[in-house]
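Visitor: One structure coming up, written as structure tokens, with questions to follow.
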Amino acid sequence: MTLTVGPISADEHLAFVNAQRSVSFLQSPEWAHVKTEWRSESLGWHDGPQLVGAGLVLHRPVPRLERYTLAYLPEGPAIDWTGDLGAWLAPLAAYLRANGAFAIRLGPPVRTHFWSAAQVKEGVADPEVERLTDLPSQTDPVGALVTGQLRDGGWLPQNPEDGFGAGHPQFNFELPLAGKTPDDVLRGMNQLWRRNIKKAAKAGVEVAVGNDLKAFHELYVETAARDHFTPRPLKYFETMFAALGPGRIRLYLAHHEGSLVSAAIMIRVGAQAWYSYGASSTAKRDVRGSNACQWAMIQDALAAGCDVYSLRGITPTLDADDSHVGLIQFKVGTGGQAVRYVGEWDLPLRPLVYRAFDVYMRQREHRRRR
């Protein structure tokens with residue numbers, strides 16, 4: 001198989017994505033309209049006349065060297081990761097280098113390890129266990145194959161120890177849905193989650209799909225102040241909803257006696273759904289609006305025929321004294337599984353520029369942490 005790589009139209013890209021069972025929303029052509037601060041292009045892999053792969057490339061310029069870019073393919077590209085990666089990635093590197101990229105960064109949508117909810121729960125309770133990777137795991141042979149081929153091909157791993165870096169998290173929590181009914185999913189949840197879902201219903205919490213982004217954002221800013229993270233501006237969410245459209249993205253609003261108590265955003269592409277952003281009020285936490293929102297999204301993902309509902313990133317810490325462990329415990333209650341992905345990898349195309357970029361990024365991170 002001899003593959004060629006070149007630009008394709010957004011319509012061709014969209015048609016390819018829509019024909020796949022699962023492609024990350026970060027690799028849909030619509031995502032380019034969200035990341036407007038970066039130049040973007042849709043690339044296609046052709047085997048003769050047939051389009052067999054596609055990717056959204058976001059080009060990030062180098063400070064003071066604007067003619068060179070970091071070519072970033074978040075959670076992509078959408079290619080066949082099970083065979084000889086050289087046949088796919090060599091023409092990509094040749095095209096991007098010829099068009100001014102100093103390096104490629106990609107994040108294969110390939111899993112390497114799995115841990116059950118029961119294992120994670122036992123790990124949190126065991127003072128001897130500090131990280132997910134301290135526990136035995138199921139492994140995916142494709143993940144091991146991809147990791148080995150990337151390393152042998154000169155790609156450099158960009159995965160920090162805590163799983164969160166400049167890009168997207170290497171560790172995620174996912175709820176498998178294929179072949180399950182809502183009752184099956186409920187039975188798989190822990191007792192606290194089932195009780196909280198019932199409690200929300202009994203208290204009269206009502207969850208509906210809506211479009212009041214301003215109300216969501218006010219609650220999200222409140223959540224950010226309480227949980228100590230920097231919120232995105234309202235404009236970002238307006239842009240996201242305009243770009244992805246109602247077929248891809250939905251806003252869920254949970255009200256109790258007229259008050260907005262929780263809100264969440266779900267994105268779906270093909271047979272995968274993602275819990276993307278969430279917010280909850282400090283008042284009325286006892287009515288469990290967050291659980292009600294999650295349950296509404298899970299039921300809609302089931303109704304849409306999704307194979308996976310992703311609760312997105314977690315850190316691999318299982319240390320009960322770590323502030324991040326509460327997030328894992330919330331997600332573990334759904335009865336899903338912790339998943340490790342191959343992570344993000346860089347291929348330097350112009351080593352001197354790449355080293356300068358690496359120094360710049362390290363200095364910026366050092367200043368941010370001071």
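Each chain in the structure tokens gets a letter, A, B, ..., in the order shown, and its residues are numbered from 1; ligands are numbered from 1 in order too.
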Per residue of stretch 75-106 of chain A within 12 Å of stretch 123-141 of chain A, which atom pair is closest and at what distance in Å (one decimal), using only C-alpha atoms, listed by chain and increasing number, as a Markdown table?
Guide:
| residue | atom | partner | partner_atom | distance |
| --- | --- | --- | --- | --- |
| A:Trp81 | CA | A:Pro141 | CA | 11.5 |
| A:Thr82 | CA | A:Pro141 | CA | 9.4 |
| A:Gly83 | CA | A:Pro141 | CA | 11.7 |
Visitor: Just list the residues in stretch 158-297 of chain A DSSP gives strand (DSSP E or B) on the backbone, as JSON, numbers by chain.
Guide: {"A": [171, 172, 173, 174, 175, 176, 206, 207, 208, 209, 210, 249, 250, 251, 252, 253, 254, 255, 256, 259, 260, 261, 262, 263, 264, 265, 266, 267, 268, 269, 272, 273, 274, 275, 276, 277, 278, 279, 280]}
Visitor: Would you please extract all helix (DSSP H, G or I) residues from stretch 144-256 of chain A, as assigned by DSSP on the backbone, and give them as an NGL selection string?
Guide: :A and (144-152 or 182-188 or 191-203 or 213-227 or 234-244)
Visitor: Would you please work out which residue, of A:Ala296, A:Met240, A:Val353, A:Leu219, is nearest to A:Ser259 when using only C-alpha atoms?
Guide: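 Looking at the shortest contact to A:Ser259, the residue is A:Leu219.
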Visitor: Return the single residue from A:Gly258, A:Pro348, A:Pro169, A:Pro231 that is closest to A:Ala71, with distances computed using only C-alpha atoms.
Guide: A:Pro348
Visitor: Tell me which of A:Val17, A:Ala144, A:Leu96, A:Met266 sits closest to A:Asp300, counting only C-alpha atoms.
Guide: A:Met266
Visitor: From the list A:Leu3, A:Ala93, A:Leu186, A:Val146, which residue is nearest A:Pro109 when using only C-alpha atoms?
Guide: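 Comparing A:Leu3, A:Ala93, A:Leu186, A:Val146 against A:Pro109, the winner is A:Val146.
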